[in-house]
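So this block is query03.txt, compact mmCIF, C-alpha atoms and all ligand atoms:
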# COMPACT_ATOMS: atom_id res chain seq x y z
CA MET A 1 37.55 -61.18 -83.11
CA ALA A 2 34.00 -62.13 -82.24
CA SER A 3 33.58 -65.87 -82.10
CA VAL A 4 29.97 -66.26 -81.11
CA SER A 5 27.17 -67.60 -83.28
CA CYS A 6 23.55 -67.87 -82.37
CA ILE A 7 21.01 -70.40 -83.59
CA VAL A 8 17.37 -69.41 -83.61
CA GLY A 9 14.22 -71.10 -84.83
CA CYS A 10 12.54 -68.88 -87.39
CA SER A 11 8.96 -70.04 -86.84
CA TYR A 12 6.86 -71.47 -84.01
CA GLY A 13 9.53 -73.73 -82.52
CA ASP A 14 10.19 -77.39 -83.32
CA GLU A 15 12.28 -76.49 -86.37
CA GLY A 16 14.84 -79.15 -85.52
CA LYS A 17 17.25 -76.76 -83.77
CA GLY A 18 18.50 -79.52 -81.47
CA LYS A 19 19.92 -81.45 -84.39
CA ILE A 20 21.58 -78.38 -85.93
CA VAL A 21 23.02 -77.27 -82.59
CA ASP A 22 24.34 -80.78 -82.01
CA PHE A 23 25.85 -80.96 -85.50
CA LEU A 24 27.58 -77.59 -85.21
CA SER A 25 28.62 -77.98 -81.57
CA GLN A 26 30.29 -81.24 -82.31
CA GLN A 27 32.33 -79.72 -85.14
CA ASP A 28 33.02 -76.09 -84.53
CA PHE A 29 32.21 -74.98 -81.01
CA ASP A 30 33.59 -75.20 -77.48
CA ILE A 31 30.63 -73.85 -75.53
CA THR A 32 26.87 -74.14 -76.03
CA VAL A 33 24.62 -71.68 -74.25
CA ARG A 34 20.86 -71.67 -73.48
CA TYR A 35 19.77 -68.08 -72.91
CA GLN A 36 15.97 -68.11 -72.56
CA GLY A 37 12.94 -70.28 -71.87
CA GLY A 38 12.88 -73.25 -69.55
CA ASP A 39 11.79 -76.86 -69.64
CA ASN A 40 9.04 -76.03 -72.12
CA ALA A 41 11.55 -76.67 -74.90
CA GLY A 42 12.06 -80.11 -76.32
CA HIS A 43 15.27 -80.83 -78.15
CA THR A 44 15.62 -84.26 -79.70
CA VAL A 45 18.91 -85.51 -81.08
CA SER A 46 19.57 -88.93 -82.63
CA ILE A 47 23.13 -90.20 -82.39
CA ASN A 48 24.01 -93.69 -83.65
CA ASN A 49 20.37 -94.74 -83.34
CA ASN A 50 20.18 -93.51 -79.74
CA VAL A 51 17.56 -90.83 -79.24
CA PHE A 52 18.36 -88.15 -76.66
CA LYS A 53 15.70 -85.77 -75.42
CA LEU A 54 16.55 -82.70 -73.41
CA ASN A 55 14.26 -79.96 -72.21
CA LEU A 56 16.59 -77.69 -70.29
CA ILE A 57 20.28 -78.51 -70.52
CA PRO A 58 21.77 -77.33 -73.84
CA THR A 59 22.09 -80.11 -76.41
CA GLY A 60 25.79 -79.22 -76.81
CA ILE A 61 26.34 -81.37 -73.70
CA LEU A 62 25.76 -84.43 -75.89
CA THR A 63 29.01 -83.82 -77.76
CA GLY A 64 30.82 -85.12 -74.69
CA LYS A 65 33.38 -82.31 -75.04
CA ASN A 66 31.60 -78.96 -75.05
CA ILE A 67 30.79 -76.87 -72.05
CA ALA A 68 27.05 -76.22 -71.57
CA VAL A 69 25.80 -73.01 -69.99
CA LEU A 70 22.39 -71.95 -68.68
CA THR A 71 22.37 -68.17 -68.37
CA HIS A 72 20.36 -65.74 -66.24
CA GLY A 73 17.80 -65.52 -69.06
CA VAL A 74 16.59 -69.08 -68.42
CA VAL A 75 13.98 -70.12 -65.84
CA ILE A 76 15.07 -73.26 -64.07
CA ASN A 77 12.85 -76.05 -62.86
CA LEU A 78 15.13 -77.74 -60.32
CA LYS A 79 13.33 -81.05 -60.63
CA THR A 80 13.85 -81.15 -64.40
CA LEU A 81 17.45 -80.06 -63.99
CA LEU A 82 18.25 -82.86 -61.56
CA THR A 83 16.41 -85.41 -63.70
CA GLU A 84 18.40 -84.36 -66.77
CA ILE A 85 21.70 -84.45 -64.90
CA ALA A 86 20.89 -88.00 -63.73
CA TYR A 87 19.75 -88.96 -67.26
CA LEU A 88 23.00 -87.73 -68.81
CA GLU A 89 25.14 -89.43 -66.19
CA LYS A 90 23.27 -92.67 -66.77
CA LYS A 91 24.15 -92.36 -70.44
CA ASP A 92 27.81 -91.82 -69.50
CA ILE A 93 27.76 -88.19 -70.55
CA THR A 94 29.77 -86.27 -67.99
CA VAL A 95 28.28 -83.09 -66.59
CA LYS A 96 30.97 -82.45 -63.96
CA ASP A 97 33.00 -79.41 -65.01
CA ARG A 98 30.94 -79.22 -68.21
CA LEU A 99 27.66 -77.74 -66.98
CA PHE A 100 27.46 -74.18 -65.65
CA ILE A 101 24.37 -72.42 -64.34
CA SER A 102 24.04 -68.71 -63.74
CA GLN A 103 23.67 -67.66 -60.12
CA ASN A 104 21.16 -65.11 -61.41
CA ALA A 105 18.88 -67.49 -63.28
CA HIS A 106 15.34 -67.53 -61.94
CA LEU A 107 13.61 -70.55 -60.49
CA LEU A 108 10.50 -72.13 -61.87
CA LEU A 109 8.77 -73.63 -58.86
CA SER A 110 6.07 -76.28 -58.55
CA PHE A 111 3.34 -73.71 -57.98
CA HIS A 112 4.18 -71.90 -61.24
CA ALA A 113 3.34 -75.07 -63.16
CA LYS A 114 0.23 -75.71 -61.06
CA TYR A 115 -0.97 -72.18 -61.72
CA ASP A 116 -0.28 -72.51 -65.46
CA SER A 117 -2.46 -75.66 -65.60
CA LEU A 118 -5.18 -73.97 -63.60
CA ILE A 119 -5.33 -70.97 -65.93
CA GLU A 120 -5.14 -73.07 -69.10
CA ASN A 121 -7.97 -75.31 -67.93
CA LEU A 122 -10.05 -72.36 -66.75
CA ASN A 123 -9.91 -70.43 -69.99
CA ASN A 124 -10.48 -73.55 -72.01
CA GLN A 125 -11.47 -72.30 -75.48
CA GLU A 126 -9.41 -69.14 -75.23
CA SER A 127 -6.34 -70.72 -73.69
CA ILE A 128 -2.87 -70.05 -75.07
CA GLY A 129 -2.26 -73.78 -75.31
CA THR A 130 0.88 -73.57 -73.17
CA THR A 131 3.00 -76.55 -72.22
CA LYS A 132 1.61 -76.09 -68.65
CA LYS A 133 5.17 -76.02 -67.37
CA GLY A 134 4.67 -72.70 -65.59
CA ILE A 135 6.99 -70.70 -67.82
CA GLY A 136 4.80 -67.59 -68.03
CA TYR A 137 4.35 -67.44 -64.27
CA ALA A 138 8.02 -67.89 -63.38
CA TYR A 139 8.78 -64.98 -65.74
CA SER A 140 5.85 -62.97 -64.32
CA ASP A 141 7.28 -63.29 -60.83
CA LYS A 142 10.70 -62.30 -62.17
CA ILE A 143 9.20 -59.13 -63.66
CA LYS A 144 7.24 -58.51 -60.45
CA ARG A 145 10.62 -58.67 -58.65
CA ILE A 146 9.48 -61.28 -56.16
CA ASN A 147 10.91 -64.46 -57.63
CA LEU A 148 13.65 -66.69 -56.30
CA GLN A 149 16.96 -66.79 -58.11
CA ILE A 150 19.48 -69.61 -58.07
CA LYS A 151 21.76 -67.65 -55.71
CA ASP A 152 18.96 -67.43 -53.12
CA LEU A 153 19.14 -71.20 -52.72
CA PHE A 154 22.34 -70.74 -50.77
CA ASP A 155 20.83 -68.36 -48.23
CA SER A 156 18.12 -70.39 -46.54
CA GLU A 157 16.73 -67.52 -44.50
CA LEU A 158 16.24 -65.32 -47.57
CA CYS A 159 14.97 -68.26 -49.56
CA TYR A 160 12.29 -69.04 -46.97
CA LYS A 161 11.28 -65.38 -46.69
CA LYS A 162 10.75 -65.14 -50.44
CA LEU A 163 8.90 -68.45 -50.52
CA VAL A 164 6.47 -67.23 -47.87
CA VAL A 165 5.55 -64.24 -50.03
CA LEU A 166 5.10 -66.38 -53.13
CA ALA A 167 3.15 -69.10 -51.31
CA GLU A 168 0.81 -66.55 -49.79
CA TYR A 169 0.07 -65.09 -53.21
CA TYR A 170 -0.54 -68.45 -54.94
CA ASN A 171 -2.41 -70.03 -52.03
CA LYS A 172 -5.06 -67.33 -52.11
CA ILE A 173 -5.86 -68.30 -55.68
CA PHE A 174 -5.43 -72.04 -55.19
CA GLN A 175 -7.83 -71.89 -52.25
CA GLU A 176 -10.44 -70.16 -54.37
CA TYR A 177 -10.27 -72.83 -57.07
CA GLY A 178 -9.89 -75.86 -54.82
CA VAL A 179 -6.32 -76.57 -55.91
CA PRO A 180 -4.03 -78.19 -53.26
CA LEU A 181 -2.14 -75.42 -51.48
CA VAL A 182 1.60 -74.82 -51.59
CA ASN A 183 3.13 -76.64 -48.64
CA LEU A 184 5.91 -74.32 -47.53
CA ASP A 185 7.88 -76.93 -45.63
CA GLU A 186 7.75 -79.46 -48.46
CA GLU A 187 8.73 -76.81 -50.99
CA MET A 188 11.60 -75.62 -48.81
CA ALA A 189 12.81 -79.19 -48.25
CA ALA A 190 12.80 -79.93 -51.99
CA ILE A 191 14.63 -76.70 -52.73
CA SER A 192 17.26 -77.29 -50.06
CA HIS A 193 17.87 -80.81 -51.31
CA ALA A 194 18.28 -79.55 -54.89
CA ALA A 195 20.55 -76.70 -53.76
CA LEU A 196 23.11 -79.14 -52.40
CA GLN A 197 23.18 -81.08 -55.62
CA ILE A 198 23.43 -78.18 -58.03
CA LYS A 199 25.94 -76.13 -56.03
CA PRO A 200 28.98 -77.35 -58.03
CA PHE A 201 27.41 -76.12 -61.26
CA VAL A 202 26.53 -72.58 -60.17
CA CYS A 203 28.74 -69.66 -61.16
CA ASP A 204 28.84 -66.20 -62.72
CA THR A 205 28.17 -67.22 -66.31
CA ASN A 206 28.67 -63.65 -67.59
CA LYS A 207 32.25 -63.80 -66.35
CA LEU A 208 32.69 -67.32 -67.69
CA LEU A 209 31.59 -66.27 -71.17
CA ARG A 210 33.69 -63.09 -71.17
CA ASN A 211 36.76 -65.10 -70.19
CA ALA A 212 35.96 -67.62 -72.89
CA ILE A 213 35.83 -64.84 -75.48
CA LYS A 214 39.19 -63.55 -74.31
CA LYS A 215 40.59 -67.03 -74.85
CA ASN A 216 39.10 -67.17 -78.36
CA LYS A 217 36.77 -70.02 -77.48
CA LYS A 218 33.95 -70.57 -79.93
CA ILE A 219 30.51 -70.10 -78.45
CA LEU A 220 27.15 -71.20 -79.82
CA LEU A 221 24.00 -69.68 -78.38
CA GLU A 222 21.05 -72.03 -78.59
CA GLY A 223 17.65 -70.36 -78.82
CA ALA A 224 14.63 -72.32 -77.63
CA GLN A 225 11.14 -72.04 -79.19
CA GLY A 226 11.05 -69.77 -82.25
CA VAL A 227 10.90 -66.10 -83.26
CA LEU A 228 7.16 -66.26 -83.98
CA LEU A 229 6.64 -67.31 -80.34
CA ASP A 230 8.85 -64.48 -79.01
CA ILE A 231 7.12 -62.39 -76.32
CA ASP A 232 7.85 -59.18 -78.26
CA TYR A 233 8.02 -60.25 -81.91
CA GLY A 234 5.59 -63.18 -81.87
CA ASN A 235 1.89 -63.74 -82.27
CA TYR A 236 0.93 -62.15 -78.92
CA PRO A 237 -0.75 -63.41 -76.72
CA TYR A 238 -0.16 -66.86 -78.26
CA VAL A 239 3.52 -66.69 -77.47
CA THR A 240 5.95 -67.99 -74.91
CA SER A 241 7.04 -65.66 -72.13
CA SER A 242 10.65 -65.09 -73.06
CA SER A 243 12.47 -63.34 -75.84
CA VAL A 244 14.04 -65.69 -78.36
CA ALA A 245 15.42 -62.77 -80.37
CA ASN A 246 17.02 -61.07 -77.39
CA PHE A 247 20.23 -63.03 -77.47
CA TYR A 248 22.21 -60.12 -76.01
CA THR A 249 20.60 -59.23 -72.69
CA ASN A 250 19.59 -62.83 -72.11
CA SER A 251 23.05 -64.28 -72.62
CA GLY A 252 25.42 -61.74 -71.11
CA LEU A 253 27.08 -61.13 -74.47
CA ASN A 254 26.88 -57.92 -76.44
CA TYR A 255 26.32 -57.04 -80.06
CA LEU A 256 30.03 -56.85 -80.78
CA ASP A 257 30.48 -60.43 -79.64
CA ILE A 258 27.87 -62.08 -81.81
CA ALA A 259 29.20 -62.50 -85.30
CA ASN A 260 26.56 -64.62 -86.88
CA VAL A 261 22.91 -65.46 -86.36
CA ILE A 262 21.91 -68.70 -88.04
CA GLY A 263 18.22 -69.40 -88.61
CA VAL A 264 16.68 -72.84 -88.54
CA VAL A 265 13.83 -73.24 -91.00
CA LYS A 266 11.76 -76.38 -91.33
CA ALA A 267 10.89 -77.33 -94.93
CA TYR A 268 7.20 -76.93 -94.02
CA SER A 269 5.49 -75.32 -91.02
CA THR A 270 4.18 -76.66 -87.73
CA ARG A 271 2.67 -75.14 -84.66
CA VAL A 272 1.58 -76.52 -81.28
CA GLY A 273 -0.77 -74.58 -79.10
CA ASN A 274 -3.32 -72.06 -80.21
CA GLY A 275 -2.94 -68.94 -82.33
CA VAL A 276 -2.73 -67.79 -85.92
CA PHE A 277 -1.53 -70.26 -88.54
CA VAL A 278 -2.67 -68.99 -91.93
CA THR A 279 -0.84 -71.66 -93.93
CA GLU A 280 -2.33 -74.54 -91.93
CA ILE A 281 -3.10 -77.42 -94.30
CA GLU A 282 -6.82 -78.07 -94.39
CA ASP A 283 -6.59 -81.35 -96.27
CA GLU A 284 -6.16 -83.73 -93.33
CA SER A 285 -4.86 -86.53 -95.55
CA ILE A 286 -1.86 -84.39 -96.59
CA ALA A 287 -1.33 -83.04 -93.06
CA ASP A 288 -1.45 -86.57 -91.61
CA LYS A 289 1.13 -87.85 -94.11
CA ILE A 290 3.55 -85.08 -93.15
CA ARG A 291 2.80 -85.46 -89.44
CA GLU A 292 3.51 -89.18 -89.49
CA LYS A 293 6.65 -88.98 -91.61
CA GLY A 294 7.98 -86.02 -89.61
CA ASN A 295 6.87 -87.45 -86.24
CA GLU A 296 5.18 -84.13 -85.57
CA TYR A 297 4.10 -84.68 -81.99
CA GLY A 298 5.19 -82.31 -79.22
CA THR A 299 8.33 -83.50 -77.38
CA VAL A 300 7.18 -81.95 -74.11
CA THR A 301 3.44 -82.59 -74.18
CA GLY A 302 2.97 -85.25 -76.88
CA ARG A 303 0.34 -83.04 -78.56
CA LYS A 304 -0.30 -83.41 -82.28
CA ARG A 305 1.44 -80.54 -84.03
CA ARG A 306 -0.63 -78.54 -86.48
CA ILE A 307 0.84 -78.84 -89.99
CA GLY A 308 1.11 -76.09 -92.62
CA TRP A 309 2.93 -75.08 -95.77
CA LEU A 310 6.02 -72.94 -95.56
CA ASP A 311 5.16 -69.32 -94.87
CA LEU A 312 7.84 -67.14 -96.45
CA VAL A 313 6.13 -63.93 -95.34
CA ALA A 314 6.41 -64.87 -91.68
CA LEU A 315 9.91 -66.23 -92.20
CA LYS A 316 11.10 -63.04 -93.86
CA TYR A 317 9.76 -61.09 -90.90
CA ALA A 318 11.66 -63.31 -88.43
CA ILE A 319 14.83 -63.29 -90.47
CA SER A 320 14.98 -59.54 -90.85
CA LEU A 321 14.28 -58.93 -87.15
CA CYS A 322 17.09 -61.23 -86.07
CA GLY A 323 19.66 -60.23 -88.68
CA ILE A 324 19.88 -63.77 -90.04
CA LYS A 325 22.16 -64.22 -93.04
CA SER A 326 22.28 -67.98 -93.29
CA ILE A 327 19.83 -70.77 -92.61
CA ALA A 328 19.77 -74.51 -92.06
CA VAL A 329 16.73 -76.14 -93.65
CA THR A 330 15.50 -79.16 -91.72
CA LEU A 331 13.19 -82.13 -92.28
CA VAL A 332 13.53 -81.77 -96.04
CA ASP A 333 13.25 -85.56 -96.40
CA VAL A 334 9.73 -85.42 -94.91
CA LEU A 335 8.36 -83.63 -97.98
CA SER A 336 9.10 -86.77 -100.03
CA VAL A 337 5.60 -87.93 -99.04
CA VAL A 338 3.71 -85.23 -100.95
CA ASP A 339 3.10 -84.82 -104.70
CA ARG A 340 3.04 -81.06 -104.77
CA ILE A 341 4.40 -78.50 -102.33
CA LYS A 342 2.85 -75.11 -101.69
CA VAL A 343 4.75 -72.08 -100.45
CA CYS A 344 3.12 -68.89 -99.19
CA VAL A 345 4.77 -65.85 -100.80
CA ASP A 346 2.35 -63.09 -99.82
CA TYR A 347 -0.92 -62.43 -98.01
CA ASN A 348 -4.11 -60.75 -99.08
CA TYR A 349 -4.51 -58.55 -96.02
CA PRO A 350 -7.95 -57.55 -94.75
CA GLU A 351 -8.71 -53.82 -94.70
CA THR A 352 -7.69 -52.76 -91.21
CA MET A 353 -5.90 -49.79 -89.72
CA PHE A 354 -2.64 -51.75 -89.36
CA GLN A 355 -1.25 -54.41 -91.64
CA ASP A 356 -0.45 -57.28 -89.31
CA ILE A 357 1.26 -60.51 -90.26
CA PHE A 358 -0.55 -62.20 -87.39
CA ASN A 359 -4.04 -61.19 -88.48
CA PRO A 360 -6.01 -64.47 -88.63
CA ASN A 361 -7.92 -63.12 -91.64
CA ASN A 362 -4.82 -62.81 -93.81
CA GLN A 363 -5.31 -65.01 -96.86
CA PRO A 364 -2.18 -66.82 -98.00
CA ILE A 365 -1.09 -66.50 -101.62
CA TYR A 366 0.67 -69.68 -102.69
CA ILE A 367 2.89 -70.81 -105.47
CA GLU A 368 3.34 -74.52 -106.07
CA PHE A 369 6.35 -76.74 -106.64
CA PRO A 370 6.45 -80.36 -107.77
CA GLY A 371 7.47 -82.78 -105.03
CA TRP A 372 10.49 -85.10 -105.38
CA LYS A 373 8.72 -88.28 -104.29
CA GLU A 374 11.93 -90.12 -103.56
CA ASP A 375 13.95 -90.99 -100.51
CA ILE A 376 16.68 -88.39 -100.08
CA SER A 377 17.84 -89.43 -96.62
CA GLN A 378 21.05 -91.09 -97.83
CA ILE A 379 22.20 -88.08 -99.85
CA ARG A 380 25.19 -86.17 -98.46
CA ASN A 381 26.10 -83.80 -101.32
CA TRP A 382 24.15 -80.88 -102.68
CA GLU A 383 24.81 -82.00 -106.28
CA ASP A 384 23.15 -85.35 -105.60
CA LEU A 385 19.85 -83.89 -104.40
CA PRO A 386 17.00 -84.20 -106.93
CA ASN A 387 16.58 -81.14 -109.13
CA THR A 388 13.09 -80.56 -107.73
CA THR A 389 14.54 -80.36 -104.19
CA LYS A 390 17.26 -77.95 -105.29
CA ILE A 391 14.72 -75.74 -107.08
CA TYR A 392 12.57 -75.63 -103.93
CA LEU A 393 15.50 -74.81 -101.66
CA ARG A 394 17.03 -72.23 -104.00
CA PHE A 395 13.67 -70.47 -104.23
CA ILE A 396 13.46 -70.26 -100.43
CA ALA A 397 17.01 -68.90 -100.13
CA LYS A 398 16.47 -66.30 -102.86
CA PHE A 399 13.12 -65.15 -101.49
CA LEU A 400 14.52 -64.77 -97.98
CA GLY A 401 17.81 -63.25 -99.14
CA VAL A 402 19.89 -65.77 -97.19
CA LYS A 403 22.40 -68.50 -97.83
CA ILE A 404 21.51 -72.11 -97.07
CA THR A 405 24.40 -73.71 -95.22
CA HIS A 406 22.89 -77.03 -94.15
CA VAL A 407 20.10 -79.27 -95.41
CA SER A 408 18.97 -81.89 -92.94
CA VAL A 409 17.67 -85.03 -94.64
CA GLY A 410 17.02 -87.36 -91.71
CA ARG A 411 16.96 -87.79 -87.96
CA GLN A 412 20.48 -89.04 -87.39
CA ARG A 413 23.32 -86.66 -86.56
CA ASP A 414 25.02 -87.33 -89.90
CA ASP A 415 21.94 -87.15 -92.12
CA MET A 416 23.11 -83.77 -93.32
CA VAL A 417 24.07 -82.06 -96.55
CA VAL A 418 26.59 -79.28 -95.94
CA VAL A 419 25.99 -76.79 -98.73
CA ASN A 420 28.60 -74.95 -100.72
CA ASP A 421 26.19 -74.11 -103.54
P1 LIG B 1 4.66 -71.86 -72.80
O1 LIG B 1 6.01 -71.54 -73.34
O2 LIG B 1 4.57 -73.23 -72.17
O3 LIG B 1 4.11 -70.78 -71.91
O4 LIG B 1 3.63 -71.94 -74.04
C1 LIG B 1 3.34 -70.81 -74.85
C2 LIG B 1 3.26 -71.22 -76.32
O5 LIG B 1 4.54 -71.61 -76.76
C3 LIG B 1 2.36 -72.43 -76.58
O6 LIG B 1 1.76 -72.28 -77.86
C4 LIG B 1 3.33 -73.59 -76.60
O7 LIG B 1 2.83 -74.69 -77.34
C5 LIG B 1 4.49 -72.93 -77.30
N1 LIG B 1 5.78 -73.57 -77.00
C6 LIG B 1 6.50 -73.48 -75.87
N2 LIG B 1 7.65 -74.16 -76.00
C7 LIG B 1 7.67 -74.67 -77.24
C8 LIG B 1 8.62 -75.43 -77.97
O8 LIG B 1 9.72 -75.78 -77.51
N3 LIG B 1 8.25 -75.77 -79.24
C9 LIG B 1 7.09 -75.36 -79.80
N4 LIG B 1 6.18 -74.64 -79.16
C10 LIG B 1 6.47 -74.28 -77.89
Go through the file and emit its structure as structure tokens.
Ligand code: IMP
Amino acid sequence: MASVSCIVGCSYGDEGKGKIVDFLSQQDFDITVRYQGGDNAGHTVSINNNVFKLNLIPTGILTGKNIAVLTHGVVINLKTLLTEIAYLEKKDITVKDRLFISQNAHLLLSFHAKYDSLIENLNNQESIGTTKKGIGYAYSDKIKRINLQIKDLFDSELCYKKLVVLAEYYNKIFQEYGVPLVNLDEEMAAISHAALQIKPFVCDTNKLLRNAIKKNKKILLEGAQGVLLDIDYGNYPYVTSSSVANFYTNSGLNYLDIANVIGVVKAYSTRVGNGVFVTEIEDESIADKIREKGNEYGTVTGRKRRIGWLDLVALKYAISLCGIKSIAVTLVDVLSVVDRIKVCVDYNYPETMFQDIFNPNNQPIYIEFPGWKEDISQIRNWEDLPNTTKIYLRFIAKFLGVKITHVSVGRQRDDMVVVND
């Protein structure tokens, strides 16, 4: 029987997936898998008042028992990887025999990040607002079939040959814009040093996961970013460069394996970077209250997140595309700071040839709910939640046609209401 579940963010990322993955991994799962993206993701988990921040290694590693896997769908910045391994070891979280990296994963190299910054700064007003980590350019080189993969690290001749091609390409552009050139020898030295250190973690993760399925191990796939940032389903071009919703090809598992896709929905909306956000809250005093209470600042870049009301139209789109049947609603406690809560249930679409949920001229149609204006962070049972909170959550579930399984009411691992409503 299939024993794989997948967690995906249903909006523009930062839905609090890290906490949900950590909560579920700790209880029900043996293996946690990252299948796309790179160190552009920021997963924050609070355990016993210790805050852990990871950008690349799956948060399941924090359970101290689960195996963590980075598949071929991920782009790997070796520097970040080594920093995170050292960070975990310093916190007495063992990675030996618990972290596995696909031999076929692609590398994100220093010049990818440099190029990302260059392009973002050049375009200025029209920039995507990326994390400047180089994600789009590592994936571009993958698609161009010239990138380095993890396995190439162990063949220094091939590695150097590929680096020469890449360096030549980027140096032409860097030269034109006065950016320091790629130093081949330095790059090669850094790569060789990293190769030695990561060697014990590298394997065929497809085989590892297939064997795990045979042994009835429970696997949790951990999506990074969110469906509305997906390269195919998102608000193109204001998207990330990987497919959040493609949990099959990116993970090495197939559609018969994955039994359950769980969506993570924040009780309100946020977005970092540029692009459409029709439910963005214009009243800065309300947005600021939510931002402060929810600590809505980017984990990777520290940027202020844009704040908006929940957009059920966009969520329904994401949920139907991913086949989501149940959701975890996060940061519900944050809405205690507002008197009234708006929810977008439809758009007035402009007259255009195609109806597009990402048209910036869509006008949101809201309905309003009273707020609960009380601290709910200590509540652990559905029955004990204020009626106003339950009405809000039941409305969301009914509108989206899903079941709510978890309501997160605070930052700590155990600030959670498990729902059997
Ligand atoms: P990139 O992934 O760095 O190329 O950035 C593309 C878009 O995705 C930008 O709008 C980023 O702000 C956004 N983005 C990337 N990673 C995350 C994330 O983990 N959370 C929220 N937004 C993200």
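The residues sitting within 7 Å of ligand LIG 1 (chain B), with all atoms listed in the file considered, come out as Tyr12, Gly13, Asp14, Asn40, Ala41, Gly42, Ile128, Gly129, Thr130, Thr131, Lys132, Lys133, Gly134, Ile135, Gly136, Ala224, Gln225, Leu229, Tyr238, Val239, Thr240, Ser241, Arg271, Val272, Gly273 and Asn274 of chain A.
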Worksheet item: Any idea what's packed within 10 Å of Asn171 of chain A, counting all atoms listed in the file, ignoring anything in its chain fewer than 5 positions away? Could you give it as a PyMOL selection string?
Response: chain A and resi 111+166+176-183
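When atom CA of Lys293 of chain A is paired with atom CA of Ser269 of chain A, their separation reads 13.7 Å.
Note that atom CA of Val407 of chain A and atom CA of Ala328 of chain A are 5.8 Å apart.
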Item to complete: May I have the residues within 9 Å of Val33 of chain A as a count of residues only, using only C-alpha atoms and disregarding those fewer than 2 positions away in the same chain?
Response: 16
Can you list every residue of segment 283-305 of chain A that has an atom at most 12 Å from segment 339-362 of chain A, with its nearest atom pair and the distance in Å to one decimal, using only C-alpha atoms, ordered by chain then number, as CSV?
residue,atom,partner,partner_atom,distance
A:Ile286,CA,A:Asp339,CA,9.5
A:Ala287,CA,A:Ile341,CA,11.8
A:Lys289,CA,A:Asp339,CA,11.2
A:Ile290,CA,A:Ile341,CA,11.3
Fill in: Contact residues around Val164 of chain A with all atoms listed in the file at 9 Å, ignoring same-chain residues under 5 positions, as a VMD selection string
chain A and resid 159 169 184
With 6 Å on each side, where is the centre of the axis-aligned box around all listed atoms of segment 345-361 of chain A, and how long are its edges in Å to one decimal, as lines of an AutoDock Vina configuration file?
center_x = -2.0
center_y = -57.8
center_z = -94.1
size_x = 25.5
size_y = 28.1
size_z = 25.4
